[in-house]
Each structure stands twice: as structure tokens, then as C-alpha cells.
>>> print(open('run15.pdb').read())   # PDB, C-alpha atoms
ATOM      1  CA  LYS A1077     -14.501   5.739  21.317
ATOM      2  CA  SER A1078     -12.306   2.689  21.623
ATOM      3  CA  ALA A1079     -14.556   0.569  19.427
ATOM      4  CA  VAL A1080     -11.588  -0.231  17.229
ATOM      5  CA  LEU A1081      -9.616  -1.578  20.164
ATOM      6  CA  GLU A1082     -12.537  -3.677  21.390
ATOM      7  CA  ARG A1083     -12.954  -5.481  18.094
ATOM      8  CA  ALA A1084     -11.616  -9.031  17.867
ATOM      9  CA  LEU A1085      -8.770  -9.467  15.428
ATOM     10  CA  GLY A1086     -10.271 -12.571  13.941
ATOM     11  CA  ARG A1087      -9.545 -13.865  10.512
ATOM     12  CA  PRO A1088      -8.689 -11.481   7.717
ATOM     13  CA  ARG A1089     -11.891 -10.096   6.316
ATOM     14  CA  SER A1090     -10.831  -9.813   2.748
ATOM     15  CA  GLU A1091      -7.997  -9.480   0.343
ATOM     16  CA  LEU A1092      -7.197  -6.450  -1.726
ATOM     17  CA  SER A1093      -5.724  -6.050  -5.154
ATOM     18  CA  LEU A1094      -2.009  -6.538  -5.544
ATOM     19  CA  ALA A1095      -1.725  -3.622  -7.966
ATOM     20  CA  ALA A1096      -2.871  -1.145  -5.339
ATOM     21  CA  PHE A1097      -0.391  -2.446  -2.788
ATOM     22  CA  ALA A1098       2.467  -2.709  -5.234
ATOM     23  CA  LEU A1099       1.999   0.884  -6.384
ATOM     24  CA  LEU A1100       1.755   2.068  -2.781
ATOM     25  CA  PHE A1101       4.951   0.208  -2.012
ATOM     26  CA  SER A1102       6.629   1.692  -5.046
ATOM     27  CA  GLU A1103       5.773   5.200  -3.797
ATOM     28  CA  LEU A1104       7.061   4.289  -0.373
ATOM     29  CA  VAL A1105      10.386   3.202  -1.837
ATOM     30  CA  GLN A1106      10.650   6.357  -3.931
ATOM     31  CA  TYR A1107       9.850   8.493  -0.903
ATOM     32  CA  CYS A1108      12.587   6.846   1.143
ATOM     33  CA  GLN A1109      15.004   6.998  -1.753
ATOM     34  CA  ARG A1110      14.728  10.791  -1.908
ATOM     35  CA  ARG A1111      15.793  11.091   1.692
ATOM     36  CA  VAL A1112      18.803   8.793   1.873
ATOM     37  CA  ALA A1113      22.352   8.883   0.583
ATOM     38  CA  SER A1114      23.124   5.221   0.125
ATOM     39  CA  VAL A1115      21.590   1.896  -0.769
ATOM     40  CA  ALA A1116      22.331   0.557   2.700
ATOM     41  CA  GLU A1117      20.457   3.467   4.246
ATOM     42  CA  LEU A1118      17.515   2.899   1.918
ATOM     43  CA  GLN A1119      17.319  -0.756   2.822
ATOM     44  CA  ALA A1120      17.542   0.181   6.500
ATOM     45  CA  ARG A1121      14.634   2.604   6.119
ATOM     46  CA  LEU A1122      12.564   0.016   4.337
ATOM     47  CA  ALA A1123      13.394  -2.522   7.006
ATOM     48  CA  ARG A1124      12.272  -0.058   9.684
ATOM     49  CA  LEU A1125       8.973   0.504   7.912
ATOM     50  CA  GLY A1126       8.549  -3.233   7.544
ATOM     51  CA  HIS A1127       9.284  -3.536  11.233
ATOM     52  CA  HIS A1128       6.533  -1.024  11.983
ATOM     53  CA  VAL A1129       4.114  -3.156  10.005
ATOM     54  CA  GLY A1130       5.313  -6.472  11.375
ATOM     55  CA  LEU A1131       4.852  -5.419  14.979
ATOM     56  CA  ARG A1132       1.213  -4.810  14.260
ATOM     57  CA  ALA A1133       0.602  -7.894  12.247
ATOM     58  CA  LEU A1134       1.449 -10.801  14.468
ATOM     59  CA  ASP A1135      -0.793 -12.983  12.400
ATOM     60  CA  ALA A1136       1.899 -14.480  10.240
ATOM     61  CA  LEU A1137       1.364 -12.650   6.980
ATOM     62  CA  VAL A1138       3.893 -14.972   5.501
ATOM     63  CA  ALA A1139       2.019 -18.065   6.612
ATOM     64  CA  ARG A1140      -1.177 -16.917   4.934
ATOM     65  CA  GLU A1141       0.399 -16.523   1.531
ATOM     66  CA  ARG A1142      -0.232 -19.277  -0.971
ATOM     67  CA  PRO A1143       2.064 -22.259  -0.425
ATOM     68  CA  GLY A1144       4.294 -23.560  -3.169
ATOM     69  CA  ARG A1145       5.899 -20.249  -4.065
ATOM     70  CA  ARG A1146       8.600 -20.646  -1.490
ATOM     71  CA  GLU A1147      11.263 -23.128  -0.636
ATOM     72  CA  THR A1148      13.069 -23.286   2.655
ATOM     73  CA  LYS A1149      16.507 -24.579   3.309
ATOM     74  CA  ASN A1150      18.806 -24.451   6.240
ATOM     75  CA  ASP A1151      22.521 -24.233   6.489
ATOM     76  CA  ASP A1152      23.044 -24.725  10.162
ATOM     77  CA  ASP A1153      20.913 -24.957  13.257
ATOM     78  CA  ARG A1154      20.243 -21.255  13.529
ATOM     79  CA  THR A1155      19.955 -20.097   9.946
ATOM     80  CA  PHE A1156      16.992 -20.594   7.668
ATOM     81  CA  TYR A1157      16.357 -19.369   4.198
ATOM     82  CA  VAL A1158      13.061 -18.503   2.624
ATOM     83  CA  ILE A1159      13.474 -18.298  -1.122
ATOM     84  CA  GLU A1160      10.918 -16.457  -3.159
ATOM     85  CA  ARG A1161      11.247 -16.369  -6.899
ATOM     86  CA  GLU A1162       8.868 -13.476  -7.416
ATOM     87  CA  PRO A1163       8.429 -11.541  -4.200
ATOM     88  CA  VAL A1164       5.224  -9.568  -4.059
ATOM     89  CA  VAL A1165       6.869  -6.381  -2.878
ATOM     90  CA  ASN A1166       9.187  -6.151  -5.874
ATOM     91  CA  THR A1167       6.439  -6.504  -8.478
ATOM     92  CA  PHE A1168       6.372  -2.881  -9.578
ATOM     93  CA  VAL A1169       9.932  -1.991  -8.698
ATOM     94  CA  SER A1170      12.630  -1.797 -11.340
ATOM     95  CA  VAL A1171      16.111  -1.264 -10.011
ATOM     96  CA  PRO A1172      18.526   0.938 -11.948
ATOM     97  CA  ARG A1173      21.971  -0.524 -12.550
ATOM     98  CA  GLU A1174      23.765   1.816 -10.188
ATOM     99  CA  ASN A1175      21.625   0.584  -7.349
ATOM    100  CA  SER A1176      21.760  -3.067  -8.248
ATOM    101  CA  SER A1177      22.439  -4.119  -4.699
ATOM    102  CA  LEU A1178      19.109  -2.642  -3.571
ATOM    103  CA  ASN A1179      16.537  -5.128  -2.612
ATOM    104  CA  CYS A1180      13.195  -3.822  -1.573
ATOM    105  CA  ALA A1181      12.481  -7.087   0.083
ATOM    106  CA  ALA A1182      14.321  -5.359   2.914
ATOM    107  CA  PHE A1183      10.806  -4.254   3.818
ATOM    108  CA  ALA A1184       9.685  -7.868   4.038
ATOM    109  CA  ALA A1185      12.792  -8.687   6.054
ATOM    110  CA  GLY A1186      12.025  -5.959   8.592
ATOM    111  CA  LEU A1187       8.431  -7.104   8.761
ATOM    112  CA  LEU A1188       9.381 -10.726   9.317
ATOM    113  CA  GLU A1189      11.959  -9.818  11.926
ATOM    114  CA  ALA A1190       9.327  -7.875  13.867
ATOM    115  CA  VAL A1191       6.781 -10.684  13.616
ATOM    116  CA  LEU A1192       9.270 -13.302  14.784
ATOM    117  CA  GLY A1193      10.468 -11.086  17.592
ATOM    118  CA  ALA A1194       6.983 -10.330  18.833
ATOM    119  CA  ALA A1195       6.074 -14.008  18.631
ATOM    120  CA  GLY A1196       8.935 -14.953  20.911
ATOM    121  CA  PHE A1197      11.399 -16.112  18.256
ATOM    122  CA  PRO A1198      13.934 -13.316  18.093
ATOM    123  CA  ALA A1199      15.970 -13.405  14.927
ATOM    124  CA  ARG A1200      17.934 -11.261  12.504
ATOM    125  CA  VAL A1201      16.336 -11.260   9.060
ATOM    126  CA  SER A1202      17.971  -9.903   5.953
ATOM    127  CA  ALA A1203      17.146  -9.872   2.255
ATOM    128  CA  HIS A1204      19.518 -11.072  -0.456
ATOM    129  CA  TRP A1205      19.552 -11.592  -4.189
ATOM    130  CA  HIS A1206      19.700 -15.333  -4.623
ATOM    131  CA  LYS A1207      17.423 -17.456  -6.815
ATOM    132  CA  GLY A1208      15.083 -14.471  -6.875
ATOM    133  CA  THR A1209      14.930 -13.079  -3.391
ATOM    134  CA  THR A1210      16.126 -14.943  -0.350
ATOM    135  CA  LEU A1211      15.266 -13.954   3.174
ATOM    136  CA  MET A1212      17.918 -15.139   5.556
ATOM    137  CA  ILE A1213      16.602 -15.791   9.042
ATOM    138  CA  LYS A1214      19.192 -16.181  11.758
ATOM    139  CA  PHE A1215      17.560 -17.116  15.008
ATOM    140  CA  ASP A1216      19.099 -16.104  18.318
ATOM    141  CA  GLU A1217      20.961 -18.838  20.136
ATOM    142  CA  ALA A1218      18.356 -18.828  22.879
ATOM    143  CA  VAL A1219      15.621 -19.836  20.417
ATOM    144  CA  ILE A1220      17.511 -22.863  19.171
ATOM    145  CA  ALA A1221      18.492 -23.906  22.673
ATOM    146  CA  ARG A1222      14.870 -23.693  23.758
ATOM    147  CA  ASP A1223      13.766 -25.646  20.716
ATOM    148  CA  LYS A1224      16.233 -28.423  21.487
ATOM    149  CA  SER A1225      15.246 -28.635  25.126
ATOM    150  CA  LEU A1226      11.568 -28.894  24.152
ATOM    151  CA  GLU A1227      12.318 -31.786  21.859
ATOM    152  CA  GLY A1228      13.991 -33.552  24.743
ATOM    153  CA  ARG A1229      17.342 -33.868  23.008
TER     154      ARG A1229
ATOM    155  CA  MET B 561       3.888  -1.048 -17.938
ATOM    156  CA  SER B 562       4.527  -4.116 -19.973
ATOM    157  CA  ARG B 563       3.254  -7.432 -18.795
ATOM    158  CA  SER B 564       4.475 -10.802 -19.938
ATOM    159  CA  PRO B 565       1.626 -12.561 -21.774
ATOM    160  CA  GLY B 566      -0.178 -15.273 -19.912
ATOM    161  CA  ARG B 567       0.672 -13.881 -16.498
ATOM    162  CA  LYS B 568      -2.631 -13.693 -14.633
ATOM    163  CA  GLN B 569      -2.510 -10.356 -12.867
ATOM    164  CA  GLU B 570      -6.235 -10.446 -12.101
ATOM    165  CA  ASN B 571      -5.877 -13.142  -9.510
ATOM    166  CA  TYR B 572      -3.065 -11.581  -7.551
ATOM    167  CA  LYS B 573      -4.318 -10.481  -4.168
ATOM    168  CA  ILE B 574      -2.676  -9.224  -1.057
ATOM    169  CA  SER B 575      -3.675  -9.481   2.567
ATOM    170  CA  ARG B 576      -5.840  -6.505   3.513
ATOM    171  CA  GLU B 577      -3.927  -6.125   6.752
ATOM    172  CA  LEU B 578      -0.620  -5.856   4.957
ATOM    173  CA  PHE B 579      -1.958  -3.131   2.714
ATOM    174  CA  VAL B 580      -3.631  -1.179   5.498
ATOM    175  CA  LEU B 581      -0.675  -1.455   7.868
ATOM    176  CA  THR B 582       1.777  -0.463   5.153
ATOM    177  CA  TYR B 583      -0.300   2.620   4.489
ATOM    178  CA  GLY B 584      -0.255   3.355   8.201
ATOM    179  CA  ALA B 585       3.517   2.963   8.295
ATOM    180  CA  LEU B 586       3.777   5.437   5.450
ATOM    181  CA  VAL B 587       1.610   8.032   7.186
ATOM    182  CA  ALA B 588       3.515   7.521  10.429
ATOM    183  CA  GLN B 589       6.807   8.086   8.615
ATOM    184  CA  LEU B 590       5.490  11.258   6.984
ATOM    185  CA  CYS B 591       4.368  12.527  10.371
ATOM    186  CA  LYS B 592       7.886  11.984  11.658
ATOM    187  CA  ASP B 593       9.416  13.797   8.700
ATOM    188  CA  TYR B 594       7.031  16.747   8.490
ATOM    189  CA  GLU B 595       5.989  18.952  11.356
ATOM    190  CA  LYS B 596       2.976  20.548   9.731
ATOM    191  CA  ASP B 597      -0.203  18.641   8.937
ATOM    192  CA  GLU B 598      -0.555  20.591   5.684
ATOM    193  CA  ASP B 599       2.810  19.256   4.522
ATOM    194  CA  VAL B 600       1.863  15.678   5.305
ATOM    195  CA  ASN B 601      -1.446  16.131   3.529
ATOM    196  CA  ALA B 602       0.270  17.629   0.489
ATOM    197  CA  CYS B 603       2.793  14.807   0.396
ATOM    198  CA  LEU B 604       0.054  12.189   0.597
ATOM    199  CA  ASP B 605      -1.815  13.923  -2.208
ATOM    200  CA  ARG B 606       1.309  13.983  -4.394
ATOM    201  CA  MET B 607       2.046  10.327  -3.777
ATOM    202  CA  GLY B 608      -1.557   9.484  -4.462
ATOM    203  CA  TYR B 609      -1.334  11.363  -7.728
ATOM    204  CA  SER B 610       1.720   9.331  -8.776
ATOM    205  CA  ILE B 611      -0.144   6.168  -7.932
ATOM    206  CA  GLY B 612      -3.304   7.294  -9.720
ATOM    207  CA  ILE B 613      -1.588   7.990 -13.015
ATOM    208  CA  ARG B 614      -0.331   4.395 -13.034
ATOM    209  CA  LEU B 615      -3.297   2.727 -11.406
ATOM    210  CA  ILE B 616      -5.594   3.905 -14.194
ATOM    211  CA  ASP B 617      -3.763   1.565 -16.584
ATOM    212  CA  ASP B 618      -4.462  -1.388 -14.339
ATOM    213  CA  PHE B 619      -8.060  -0.275 -13.875
ATOM    214  CA  LEU B 620      -8.797   0.110 -17.566
ATOM    215  CA  ALA B 621      -7.123  -3.202 -18.327
ATOM    216  CA  ARG B 622      -9.089  -5.151 -15.750
ATOM    217  CA  SER B 623     -12.482  -3.535 -15.722
ATOM    218  CA  ALA B 624     -14.837  -3.721 -18.664
ATOM    219  CA  VAL B 625     -16.019  -0.146 -18.364
ATOM    220  CA  LYS B 626     -16.833   1.678 -21.518
ATOM    221  CA  LYS B 627     -16.070   5.331 -22.012
ATOM    222  CA  CYS B 628     -18.151   7.409 -19.629
ATOM    223  CA  ARG B 629     -20.523   9.848 -21.248
ATOM    224  CA  SER B 630     -21.124  12.132 -18.346
ATOM    225  CA  TYR B 631     -19.570  13.313 -15.111
ATOM    226  CA  SER B 632     -22.301  11.495 -13.280
ATOM    227  CA  GLU B 633     -21.410   8.215 -14.963
ATOM    228  CA  THR B 634     -17.744   8.824 -14.174
ATOM    229  CA  ALA B 635     -18.495   9.373 -10.501
ATOM    230  CA  ASP B 636     -20.560   6.185 -10.457
ATOM    231  CA  VAL B 637     -17.745   4.198 -12.030
ATOM    232  CA  ILE B 638     -15.254   5.533  -9.503
ATOM    233  CA  ALA B 639     -17.489   4.545  -6.608
ATOM    234  CA  GLN B 640     -18.955   1.288  -7.841
ATOM    235  CA  VAL B 641     -16.152  -0.186  -9.911
ATOM    236  CA  ALA B 642     -12.837   1.341  -8.900
ATOM    237  CA  PHE B 643     -13.347   1.572  -5.155
ATOM    238  CA  LYS B 644     -14.792  -1.914  -5.207
ATOM    239  CA  MET B 645     -11.866  -3.280  -7.170
ATOM    240  CA  TYR B 646      -9.128  -1.731  -5.099
ATOM    241  CA  LEU B 647     -10.530  -1.255  -1.635
ATOM    242  CA  GLY B 648     -13.447  -3.661  -1.603
ATOM    243  CA  VAL B 649     -15.931  -0.981  -0.636
ATOM    244  CA  THR B 650     -18.636   0.919  -2.501
ATOM    245  CA  PRO B 651     -19.139   4.502  -1.432
ATOM    246  CA  SER B 652     -22.464   6.081  -2.249
ATOM    247  CA  VAL B 653     -22.519   8.870  -4.790
ATOM    248  CA  SER B 654     -24.527  12.039  -4.829
ATOM    249  CA  CYS B 655     -24.432  15.068  -7.050
ATOM    250  CA  SER B 656     -24.039  18.194  -5.016
ATOM    251  CA  SER B 657     -24.472  20.972  -7.537
ATOM    252  CA  ALA B 658     -27.020  22.140 -10.063
ATOM    253  CA  THR B 659     -24.297  22.481 -12.674
ATOM    254  CA  GLY B 660     -23.742  18.718 -12.525
ATOM    255  CA  ASN B 661     -20.005  18.786 -12.021
ATOM    256  CA  GLU B 662     -19.701  18.412  -8.265
ATOM    257  CA  PHE B 663     -20.089  15.043  -6.622
ATOM    258  CA  SER B 664     -19.759  13.519  -3.196
ATOM    259  CA  LEU B 665     -18.614  10.048  -2.332
ATOM    260  CA  ILE B 666     -19.741   9.013   1.117
ATOM    261  CA  LEU B 667     -17.507   6.299   2.530
ATOM    262  CA  ASP B 668     -19.412   4.186   4.940
ATOM    263  CA  LYS B 669     -16.507   1.799   5.358
ATOM    264  CA  ASN B 670     -12.900   2.628   4.710
ATOM    265  CA  PRO B 671     -10.301  -0.125   5.011
ATOM    266  CA  LEU B 672      -7.457   2.381   5.257
ATOM    267  CA  VAL B 673      -8.621   3.334   8.742
ATOM    268  CA  ASP B 674      -9.172  -0.224   9.939
ATOM    269  CA  PHE B 675      -6.652   0.207  12.704
ATOM    270  CA  VAL B 676      -6.943   3.928  13.283
ATOM    271  CA  GLU B 677      -8.847   4.870  16.368
ATOM    272  CA  GLU B 678      -8.453   8.613  16.299
ATOM    273  CA  LEU B 679      -5.994  11.253  15.278
ATOM    274  CA  PRO B 680      -3.502  12.341  17.924
ATOM    275  CA  ALA B 681      -4.216  15.771  19.385
ATOM    276  CA  GLU B 682      -1.194  17.362  17.750
ATOM    277  CA  ARG B 683      -2.310  16.103  14.328
ATOM    278  CA  ALA B 684      -5.828  17.460  14.312
ATOM    279  CA  SER B 685      -5.697  18.672  10.699
ATOM    280  CA  LEU B 686      -4.213  15.527   9.262
ATOM    281  CA  CYS B 687      -6.156  14.062   6.348
ATOM    282  CA  TYR B 688      -5.168  10.487   7.018
ATOM    283  CA  CYS B 689      -6.546   9.163   3.739
ATOM    284  CA  ASN B 690      -5.485  12.053   1.573
ATOM    285  CA  LEU B 691      -3.672   9.604  -0.675
ATOM    286  CA  LEU B 692      -7.081   8.646  -2.056
ATOM    287  CA  CYS B 693      -7.724  12.178  -3.282
ATOM    288  CA  GLY B 694      -4.464  12.195  -5.197
ATOM    289  CA  VAL B 695      -5.185   8.767  -6.677
ATOM    290  CA  ILE B 696      -8.575   9.853  -7.989
ATOM    291  CA  ARG B 697      -7.199  13.133  -9.323
ATOM    292  CA  GLY B 698      -4.269  11.432 -11.079
ATOM    293  CA  ALA B 699      -6.373   8.688 -12.586
ATOM    294  CA  LEU B 700      -8.946  11.165 -13.892
ATOM    295  CA  GLU B 701      -6.254  13.344 -15.399
ATOM    296  CA  MET B 702      -4.993  10.392 -17.415
ATOM    297  CA  VAL B 703      -8.398  10.073 -19.038
ATOM    298  CA  HIS B 704      -8.452  13.770 -19.762
ATOM    299  CA  LEU B 705     -10.726  14.805 -16.946
ATOM    300  CA  ALA B 706      -9.377  17.573 -14.752
ATOM    301  CA  ALA B 707     -10.829  17.526 -11.283
ATOM    302  CA  GLU B 708     -10.318  18.820  -7.784
ATOM    303  CA  VAL B 709     -10.636  16.109  -5.181
ATOM    304  CA  SER B 710     -10.606  16.612  -1.443
ATOM    305  CA  PHE B 711     -12.045  15.395   1.808
ATOM    306  CA  LEU B 712     -15.087  17.431   2.736
ATOM    307  CA  GLN B 713     -15.792  15.535   5.923
ATOM    308  CA  ASP B 714     -13.757  13.024   7.880
ATOM    309  CA  ARG B 715     -14.966  10.714  10.651
ATOM    310  CA  LEU B 716     -11.482  10.728  12.106
ATOM    311  CA  LYS B 717     -11.852  14.441  12.702
ATOM    312  CA  GLY B 718     -15.161  14.022  14.422
ATOM    313  CA  ASP B 719     -17.482  14.548  11.480
ATOM    314  CA  ALA B 720     -20.521  12.344  11.076
ATOM    315  CA  VAL B 721     -19.348  10.755   7.844
ATOM    316  CA  THR B 722     -16.320  10.544   5.629
ATOM    317  CA  GLU B 723     -16.990  12.391   2.397
ATOM    318  CA  ILE B 724     -14.804  12.901  -0.625
ATOM    319  CA  GLY B 725     -15.750  15.767  -2.924
ATOM    320  CA  ILE B 726     -14.966  15.584  -6.636
ATOM    321  CA  THR B 727     -15.343  18.745  -8.697
ATOM    322  CA  PHE B 728     -14.884  18.246 -12.403
ATOM    323  CA  LEU B 729     -13.224  21.211 -14.021
ATOM    324  CA  ARG B 730     -13.560  22.304 -17.603
ATOM    325  CA  LYS B 731     -11.970  19.760 -19.940
ATOM    326  CA  PRO B 732      -8.603  20.850 -21.278
ATOM    327  CA  GLU B 733      -8.890  22.377 -24.774
ATOM    328  CA  ASP B 734      -5.937  20.573 -26.220
ATOM    329  CA  ARG B 735      -6.981  16.995 -26.897
ATOM    330  CA  LYS B 736      -4.262  16.276 -29.439
ATOM    331  CA  HIS B 737      -1.992  14.969 -26.723
ATOM    332  CA  ARG B 738      -2.975  11.361 -26.247
ATOM    333  CA  ARG B 739      -1.054   8.963 -23.995
TER     334      ARG B 739
END
>>> encode(input="run15.pdb", output="C-alpha cells")
Amino acid sequence: KSAVLERALGRPRSELSLAAFALLFSELVQYCQRRVASVAELQARLARLGHHVGLRALDALVARERPGRRETKNDDDRTFYVIEREPVVNTFVSVPRENSSLNCAAFAAGLLEAVLGAAGFPARVSAHWHKGTTLMIKFDEAVIARDKSLEGR
Amino acid sequence: MSRSPGRKQENYKISRELFVLTYGALVAQLCKDYEKDEDVNACLDRMGYSIGIRLIDDFLARSAVKKCRSYSETADVIAQVAFKMYLGVTPSVSCSSATGNEFSLILDKNPLVDFVEELPAERASLCYCNLLCGVIRGALEMVHLAAEVSFLQDRLKGDAVTEIGITFLRKPEDRKHRR
């Protein structure tokens, strides 16, 4: 009965259509929206769902995406930015003016935070409106310290 | 849905894992929010319906299918074109009634349950993939075909196969309303 658990993770077997995912995500957002009272709460819910996904997808989903759509910058040692002009998750989401601070990339932020955490790089990840969507990754002090000691600085 | 010209939607793909895990996260959330399996199933069906009524636009735009002339042809298109396009699998189709309006799709492979081993004991009546039924129902309704869609058998529940039943109902009389 545990055939599923015995199977090797391996490489991803195939890709699926964006439209199907984007519509699923849109329903997910609408579902959460009906159950919350504020934008912050909605983003938190989305982040939690993203977290749920991220924990189970250690294979860096981000790394497998096509290169060239993202830039990275960093402000200081601990903080990195991943800037995406047209984030996949927001494709079928239109945000009404009263909720203009909502960014469904909160889902992606939660996902990324879970992936980084499970991979041994604990960080706080948040989504912001900036040049499209920017994911701000703030690594824990311990990660940077470890990084520096590995480089022999 | 308006699309800016020149934007190639056809080539946009998403990691299968992301899709499957997101679906799983959704079902998990519904299970937290609803105590009864029937409520989760109903919610999945409703969400699927909302997706279906929009997905049909994408399907018609990207597939070259001509208008189907029979229920049988419609069932074939669902299995061989739509399922292939969106889930990468091709269920087999069989007609299960003499009247020619009841069909079965047997899903040999189902990506949605890639990471699902079995249903937890307290969720024995959960139709994990019930979203699919709503999607098919919603999409069909948008092309003026009323149908009842449900899971007749489910491997997750211990059945031998996973089978979706589609029963086409009488076409609505009023055809003046066109989208």
C-alpha cells in the first residue's frame, strides 16, 4: 500500500498547462477571501497554503522556472530580492481597488519560505509590489554567519 | 478574458508538482474548514464548476476541435483532448447506456493523486478529485450541454479503478441565450 512512498522523487515527469493552475489558484484566493476580514489575513492564509506546498516540494520550484524572467539584487548581507515582472500566480487575478495592497504572490512567498527553511536556509520571505512583484528574502543571521565561515572569511 | 495580442499563452507551462501540491493544499484546507466529507465534496464541485466555466474559453481557443455532433464525440473530446491538454493523461471512454447519453471515463493515471497514498480513516467518503467533476460540468454547461458528472468509482476508496460518470441531460430548450 505504500507504493507512493517507495517511489523515487526523481525529475519532474511533465509540465501542465498554466491556465489550469492559474484558474485553480484564482479559486483558492477567492475561497480564502470569503473567510477573512482583512487583506493582511488573506495574505497570511495564502502564505500558509504556500508553506504547505513548499514543505512538500523541496526541489526548488523556483530554480526550475525559466531563467531570465527574474533579477536578483541585494541590499545588505541578509536580504535578497527576487523581482518578477509577471509572476505566474497572479496571471488570472485582478485586484479590485479597495484591496490594492493584496498581493497573491504571498502564496509564492510562503512556498519559498518553506522550501528555504526545509533546505537548511531559514529565512523570512514576503511579497511586495515593486517593479512587478518582488519577493524579499531575509535570511536568518545564522545562515549568513555560516556562509561567511564556509568561505573562510 | 481579454488577452494582449502576441502574448503566447500556449507555451506557458507550470511544474506538475506545483499544480498537484497546490491542489492538495486546497483539499487539506477544506478538510480543516469543513467537518463533513459531503461539504468538502460539494465545495470542491462548486469550485470546479467556477473553473470549468472559465477553462472552456481557454480550451476552445487552444484546441482545434470542431463542434461535436454527438454525446459520444463530446465524451471523446473531453477524454482525448481536454484531459490531455490540462492533465497530460487520456482516460478511456465507454458508453454505459443504451440511450447513448451516459458515459464513463476510466482514469488509469491521475496526476492529482500523485502524492496521495490513501484517504485518512476519518475521511472515508471524501472525493479527493471532485473538482474535476465540477470542471467538466461547468465547461459543458458553457457549450449548452447540461450534464451530471460524478465519481462512480475511486481507487483512493479501494475501488479497482477511478471512474468518472457523465450523464448528458436533455438540452435546455432556450437556445436564444448565447454567451
>>> interface_residues(input="run15.pdb", of="chain A", to="chain B", cutoff="7 Å", atoms="all atoms listed in the file", output="NGL selection string")
:A and (1078 or 1080 or 1090-1094 or 1096-1097 or 1099-1100 or 1103-1104 or 1125 or 1128-1129)
>>> residues_around(input="run15.pdb", residues="range 697-701 of chain B", least_positions_apart="2", cutoff="7 Å", atoms="only C-alpha atoms", output="ChimeraX atom specification")
/B:609-610,612-613,615-616,693-695,703-709
>>> atom_distance(input="run15.pdb", atom1="CA of Ser1102 in chain A", atom2="CA of Ile726 in chain B")
25.7 Å
>>> closest_residue(input="run15.pdb", among="A:Arg1110, A:Ala1195, A:Phe1156, A:Gly1186", to="Thr1210 in chain A", atoms="all atoms listed in the file")
A:Phe1156
>>> atom_distance(input="run15.pdb", atom1="CA of Ala1133 in chain A", atom2="CA of Ala639 in chain B")
28.9 Å
>>> resolve_selection(input="run15.pdb", expression="the PyMOL selection byres ((chain B and resi 626-630) around 12)", output="list of chain:residue names")
B:Phe619, B:Leu620, B:Ala621, B:Arg622, B:Ser623, B:Ala624, B:Val625, B:Tyr631, B:Ser632, B:Glu633, B:Thr634, B:Ala635, B:Asp636, B:Val637, B:Ile638, B:Val641, B:Gly660, B:Asn661, B:Glu662, B:Leu700, B:Val703, B:His704, B:Leu705, B:Phe728
>>> atom_distance(input="run15.pdb", atom1="CA of Ser657 in chain B", atom2="CA of Leu729 in chain B")
13.0 Å
>>> residues_around(input="run15.pdb", residues="Asp668 in chain B", least_positions_apart="6", cutoff="9 Å", atoms="all atoms listed in the file", output="PyMOL selection string")
chain B and resi 649-652+721-723
>>> decode(input="run15.pdb", residues="range 659-700 of chain B", atoms="C-alpha atoms", output="mmCIF file, in the first residue's frame")
data_model
loop_
_atom_site.group_PDB
_atom_site.id
_atom_site.type_symbol
_atom_site.label_atom_id
_atom_site.label_comp_id
_atom_site.auth_asym_id
_atom_site.auth_seq_id
_atom_site.Cartn_x
_atom_site.Cartn_y
_atom_site.Cartn_z
ATOM 1 C CA THR B 659 -29.856 5.569 -24.682
ATOM 2 C CA GLY B 660 -26.401 6.884 -25.588
ATOM 3 C CA ASN B 661 -26.236 9.652 -23.031
ATOM 4 C CA GLU B 662 -24.268 8.032 -20.230
ATOM 5 C CA PHE B 663 -20.521 7.701 -20.444
ATOM 6 C CA SER B 664 -17.660 6.563 -18.279
ATOM 7 C CA LEU B 665 -14.156 7.914 -18.214
ATOM 8 C CA ILE B 666 -11.729 5.453 -16.701
ATOM 9 C CA LEU B 667 -8.667 7.215 -15.334
ATOM 10 C CA ASP B 668 -5.720 4.932 -15.417
ATOM 11 C CA LYS B 669 -3.383 7.680 -14.276
ATOM 12 C CA ASN B 670 -4.405 10.753 -12.369
ATOM 13 C CA PRO B 671 -1.790 13.403 -11.621
ATOM 14 C CA LEU B 672 -3.936 14.967 -8.906
ATOM 15 C CA VAL B 673 -3.283 11.960 -6.682
ATOM 16 C CA ASP B 674 0.441 11.777 -7.386
ATOM 17 C CA PHE B 675 1.257 12.280 -3.744
ATOM 18 C CA VAL B 676 -1.844 10.810 -2.166
ATOM 19 C CA GLU B 677 -1.356 7.411 -0.669
ATOM 20 C CA GLU B 678 -4.757 6.833 0.837
ATOM 21 C CA LEU B 679 -7.575 8.710 2.447
ATOM 22 C CA PRO B 680 -7.401 9.089 6.219
ATOM 23 C CA ALA B 681 -9.858 6.886 8.095
ATOM 24 C CA GLU B 682 -11.996 9.807 9.209
ATOM 25 C CA ARG B 683 -12.349 10.997 5.604
ATOM 26 C CA ALA B 684 -13.585 7.798 4.037
ATOM 27 C CA SER B 685 -16.245 9.487 1.891
ATOM 28 C CA LEU B 686 -14.034 12.235 0.579
ATOM 29 C CA CYS B 687 -13.983 12.537 -3.205
ATOM 30 C CA TYR B 688 -10.470 13.887 -3.410
ATOM 31 C CA CYS B 689 -10.703 14.807 -7.086
ATOM 32 C CA ASN B 690 -14.245 16.080 -7.036
ATOM 33 C CA LEU B 691 -13.012 19.344 -8.506
ATOM 34 C CA LEU B 692 -12.754 17.524 -11.833
ATOM 35 C CA CYS B 693 -16.470 16.757 -11.852
ATOM 36 C CA GLY B 694 -17.311 20.410 -11.365
ATOM 37 C CA VAL B 695 -14.866 21.453 -14.085
ATOM 38 C CA ILE B 696 -16.420 19.102 -16.625
ATOM 39 C CA ARG B 697 -19.951 20.100 -15.644
ATOM 40 C CA GLY B 698 -19.177 23.831 -15.841
ATOM 41 C CA ALA B 699 -17.362 23.589 -19.139
ATOM 42 C CA LEU B 700 -20.165 21.553 -20.708
#
